[in-house]
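File shown here: entry21.cif, holding mmCIF, C-alpha atoms.
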data_protein
#
loop_
_atom_site.label_atom_id
_atom_site.label_comp_id
_atom_site.auth_asym_id
_atom_site.auth_seq_id
_atom_site.Cartn_x
_atom_site.Cartn_y
_atom_site.Cartn_z
CA MET B 3 28.56 91.52 119.04
CA THR B 4 30.31 94.86 118.68
CA ASN B 5 33.03 95.15 116.09
CA ILE B 6 36.42 95.82 117.73
CA ASN B 7 36.93 98.87 115.49
CA GLU B 8 33.66 100.34 116.74
CA THR B 9 34.80 99.78 120.31
CA LEU B 10 38.17 101.39 119.60
CA GLU B 11 36.46 104.42 118.07
CA GLN B 12 34.18 104.77 121.08
CA ARG B 13 37.19 104.65 123.41
CA ARG B 14 39.05 107.19 121.27
CA GLN B 15 36.13 109.56 121.83
CA THR B 16 36.47 109.37 125.61
CA HIS B 17 40.14 108.47 126.08
CA GLY B 18 41.81 110.19 123.13
CA ASP B 19 44.53 108.77 120.88
CA PHE B 20 46.11 105.69 122.47
CA ASN B 21 49.69 106.56 121.52
CA THR B 22 49.40 110.01 123.06
CA HIS B 23 47.76 108.54 126.14
CA ALA B 24 50.61 106.05 126.48
CA GLU B 25 53.20 108.82 126.25
CA ILE B 26 51.48 110.92 128.93
CA SER B 27 51.01 107.89 131.19
CA GLN B 28 54.59 106.67 130.84
CA ARG B 29 56.06 110.13 131.49
CA LEU B 30 54.00 110.50 134.65
CA LYS B 31 54.99 107.00 135.81
CA ASP B 32 58.66 107.67 135.06
CA THR B 33 58.45 110.74 137.29
CA MET B 34 56.86 108.69 140.06
CA TYR B 35 59.36 105.85 139.80
CA GLN B 36 62.41 108.12 140.01
CA TYR B 37 61.80 108.78 143.71
CA SER B 38 63.76 106.31 145.80
CA ASP B 39 60.98 105.83 148.35
CA PHE B 40 58.63 104.48 145.65
CA LYS B 41 60.30 101.09 145.99
CA TYR B 42 59.20 100.89 149.63
CA LEU B 43 55.50 101.16 148.86
CA ALA B 44 53.34 98.05 149.13
CA SER B 45 52.29 96.37 145.90
CA ASP B 46 48.72 97.61 146.21
CA GLN B 47 49.93 101.19 146.75
CA LYS B 48 52.15 101.02 143.67
CA GLU B 49 49.36 99.56 141.56
CA ALA B 50 46.83 102.13 142.81
CA LEU B 51 49.22 104.93 141.88
CA ASP B 52 49.79 103.36 138.44
CA MET B 53 46.05 103.18 137.86
CA ILE B 54 45.50 106.73 139.11
CA VAL B 55 48.18 107.95 136.68
CA HIS B 56 46.48 105.95 133.92
CA LYS B 57 43.20 107.74 134.66
CA ILE B 58 44.94 111.13 134.85
CA ALA B 59 46.42 110.48 131.40
CA ARG B 60 42.92 109.73 130.08
CA ILE B 61 41.67 113.00 131.54
CA LEU B 62 44.54 114.98 130.00
CA ASN B 63 44.37 113.23 126.64
CA GLY B 64 40.68 112.54 126.20
CA ASN B 65 37.42 113.93 127.46
CA PRO B 66 37.97 115.40 130.94
CA ASN B 67 34.22 115.42 131.58
CA VAL B 68 33.80 111.64 131.68
CA HIS B 69 32.57 110.85 135.19
CA ASP B 70 34.16 107.39 135.29
CA HIS B 71 37.71 108.78 135.02
CA TRP B 72 37.24 110.79 138.21
CA HIS B 73 35.19 108.12 139.94
CA ASP B 74 37.87 105.50 139.27
CA ILE B 75 40.61 107.73 140.73
CA ALA B 76 38.56 108.08 143.92
CA GLY B 77 38.01 104.32 143.95
CA TYR B 78 41.71 103.41 143.77
CA ALA B 79 42.55 105.92 146.49
CA THR B 80 39.71 104.58 148.64
CA LEU B 81 40.97 101.00 148.33
CA ILE B 82 44.30 102.03 149.87
CA ALA B 83 42.76 104.32 152.46
CA ASN B 84 40.40 101.55 153.59
CA ARG B 85 43.27 99.08 153.95
CA LEU B 86 45.36 101.55 155.93
CA GLU B 87 42.44 102.33 158.21
CA LYS B 88 42.13 98.69 159.33
#
Transcribe the structure of this file into structure tokens.
Amino acid sequence: MTNINETLEQRRQTHGDFNTHAEISQRLKDTMYQYSDFKYLASDQKEALDMIVHKIARILNGNPNVHDHWHDIAGYATLIANRLEK
């Protein structure tokens, strides 16, 4: 079993410092939430945007060349696009 400190160090390598990540993520979310039409989005749309912002914060704070960050952004957007297409 992997030691939690080893896991945290591995994540720091790809995601950067957690406190800095949290600050970037929260600032981006605060900007998003200030628009009055945000409240009219469906729950899945809000959550997808939150997760996309989370991934953007990882890109800005950590290693921008990690494929999964970009792949996950595309995935969250695709979930919404697929639902809207139905």
_Give me, as a list in words, all polymer residues having an atom no more than 7 Å from region 47-53 of chain B, counting all atoms listed in the file and skipping those fewer than 5 positions away in the same chain._
Lys31, Tyr78, Ala79 and Ile82 of chain B
*Nearest to His71 (chain B), chosen from B:Asn5, B:His17, B:Met34, B:Gln28, with only C-alpha atoms counted in the distances*: B:His17
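Atom pair CA of Arg14 (chain B) / CA of Gly64 (chain B) has a distance of 7.5 Å (rounded to one decimal).
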*When you draw a straight line from CA of Ala76 (chain B) to CA of Val55 (chain B), how long is it in Å?*
12.0 Å
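The space between CA of Ala83 (chain B) and CA of Asp46 (chain B) spans 10.9 Å.
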For region 37-77 of chain B in the structure I just supplied, write out N, CA and C atoms - as a short mmCIF file (atom, residue, chain, number, x, y, z; two decimals), in the first residue's frame.
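Result file is part_28.cif:
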data_model
loop_
_atom_site.label_atom_id
_atom_site.label_comp_id
_atom_site.auth_asym_id
_atom_site.auth_seq_id
_atom_site.Cartn_x
_atom_site.Cartn_y
_atom_site.Cartn_z
N TYR B 37 -22.06 35.93 -12.04
CA TYR B 37 -22.99 36.21 -13.13
C TYR B 37 -24.36 35.67 -12.78
N SER B 38 -25.36 36.53 -12.88
CA SER B 38 -26.70 36.17 -12.40
C SER B 38 -27.29 34.97 -13.14
N ASP B 39 -26.93 34.75 -14.38
CA ASP B 39 -27.50 33.63 -15.12
C ASP B 39 -26.93 32.28 -14.69
N PHE B 40 -25.84 32.27 -13.92
CA PHE B 40 -25.27 31.01 -13.44
C PHE B 40 -26.30 30.22 -12.66
N LYS B 41 -27.14 30.90 -11.90
CA LYS B 41 -28.13 30.21 -11.06
C LYS B 41 -29.17 29.46 -11.88
N TYR B 42 -29.31 29.80 -13.15
CA TYR B 42 -30.29 29.14 -14.01
C TYR B 42 -29.76 27.89 -14.71
N LEU B 43 -28.48 27.62 -14.56
CA LEU B 43 -27.92 26.42 -15.18
C LEU B 43 -28.42 25.18 -14.44
N ALA B 44 -28.48 24.08 -15.16
CA ALA B 44 -28.84 22.80 -14.54
C ALA B 44 -27.70 22.35 -13.63
N SER B 45 -28.02 21.48 -12.70
CA SER B 45 -27.01 21.01 -11.74
C SER B 45 -25.81 20.39 -12.44
N ASP B 46 -26.05 19.59 -13.49
CA ASP B 46 -24.93 18.96 -14.18
C ASP B 46 -24.07 19.99 -14.90
N GLN B 47 -24.67 21.06 -15.40
CA GLN B 47 -23.90 22.12 -16.05
C GLN B 47 -23.02 22.85 -15.04
N LYS B 48 -23.59 23.17 -13.89
CA LYS B 48 -22.83 23.83 -12.83
C LYS B 48 -21.65 22.96 -12.39
N GLU B 49 -21.94 21.68 -12.17
CA GLU B 49 -20.88 20.78 -11.70
C GLU B 49 -19.80 20.61 -12.75
N ALA B 50 -20.19 20.49 -14.02
CA ALA B 50 -19.21 20.37 -15.09
C ALA B 50 -18.31 21.60 -15.13
N LEU B 51 -18.91 22.79 -15.01
CA LEU B 51 -18.10 24.00 -15.00
C LEU B 51 -17.17 24.04 -13.79
N ASP B 52 -17.66 23.62 -12.63
CA ASP B 52 -16.80 23.56 -11.44
C ASP B 52 -15.61 22.63 -11.68
N MET B 53 -15.88 21.48 -12.27
CA MET B 53 -14.80 20.52 -12.51
C MET B 53 -13.83 21.03 -13.58
N ILE B 54 -14.35 21.69 -14.59
CA ILE B 54 -13.48 22.27 -15.62
C ILE B 54 -12.57 23.32 -15.00
N VAL B 55 -13.13 24.17 -14.14
CA VAL B 55 -12.32 25.17 -13.44
C VAL B 55 -11.27 24.50 -12.58
N HIS B 56 -11.65 23.42 -11.91
CA HIS B 56 -10.70 22.66 -11.08
C HIS B 56 -9.52 22.19 -11.93
N LYS B 57 -9.82 21.67 -13.11
CA LYS B 57 -8.76 21.19 -14.01
C LYS B 57 -7.93 22.35 -14.55
N ILE B 58 -8.57 23.47 -14.85
CA ILE B 58 -7.82 24.65 -15.31
C ILE B 58 -6.85 25.11 -14.22
N ALA B 59 -7.31 25.09 -12.97
CA ALA B 59 -6.43 25.48 -11.86
C ALA B 59 -5.23 24.54 -11.76
N ARG B 60 -5.44 23.25 -12.00
CA ARG B 60 -4.32 22.30 -11.99
C ARG B 60 -3.33 22.63 -13.10
N ILE B 61 -3.85 22.98 -14.26
CA ILE B 61 -2.99 23.32 -15.39
C ILE B 61 -2.17 24.57 -15.07
N LEU B 62 -2.81 25.57 -14.51
CA LEU B 62 -2.12 26.84 -14.20
C LEU B 62 -1.14 26.69 -13.05
N ASN B 63 -1.44 25.83 -12.10
CA ASN B 63 -0.64 25.70 -10.89
C ASN B 63 0.39 24.58 -10.96
N GLY B 64 0.10 23.56 -11.73
CA GLY B 64 0.96 22.38 -11.77
C GLY B 64 1.64 22.21 -13.11
N ASN B 65 1.69 20.99 -13.55
CA ASN B 65 2.32 20.66 -14.82
C ASN B 65 1.29 20.75 -15.94
N PRO B 66 1.42 21.74 -16.83
CA PRO B 66 0.42 21.92 -17.88
C PRO B 66 0.50 20.86 -18.98
N ASN B 67 1.50 20.01 -18.92
CA ASN B 67 1.68 18.98 -19.95
C ASN B 67 1.14 17.61 -19.56
N VAL B 68 0.36 17.56 -18.48
CA VAL B 68 -0.27 16.30 -18.07
C VAL B 68 -1.52 16.11 -18.92
N HIS B 69 -1.51 15.06 -19.71
CA HIS B 69 -2.61 14.77 -20.64
C HIS B 69 -3.96 14.70 -19.94
N ASP B 70 -4.01 14.07 -18.77
CA ASP B 70 -5.30 13.87 -18.09
C ASP B 70 -6.02 15.17 -17.77
N HIS B 71 -5.29 16.23 -17.46
CA HIS B 71 -5.95 17.51 -17.17
C HIS B 71 -6.80 17.93 -18.37
N TRP B 72 -6.21 17.90 -19.53
CA TRP B 72 -6.89 18.32 -20.77
C TRP B 72 -7.97 17.33 -21.17
N HIS B 73 -7.68 16.08 -21.01
CA HIS B 73 -8.63 15.02 -21.36
C HIS B 73 -9.88 15.13 -20.48
N ASP B 74 -9.68 15.40 -19.21
CA ASP B 74 -10.81 15.52 -18.28
C ASP B 74 -11.69 16.72 -18.63
N ILE B 75 -11.08 17.84 -19.01
CA ILE B 75 -11.86 19.01 -19.41
C ILE B 75 -12.77 18.65 -20.59
N ALA B 76 -12.19 17.98 -21.58
CA ALA B 76 -12.98 17.55 -22.74
C ALA B 76 -14.10 16.60 -22.31
N GLY B 77 -13.81 15.74 -21.35
CA GLY B 77 -14.81 14.79 -20.88
C GLY B 77 -16.00 15.47 -20.22
#
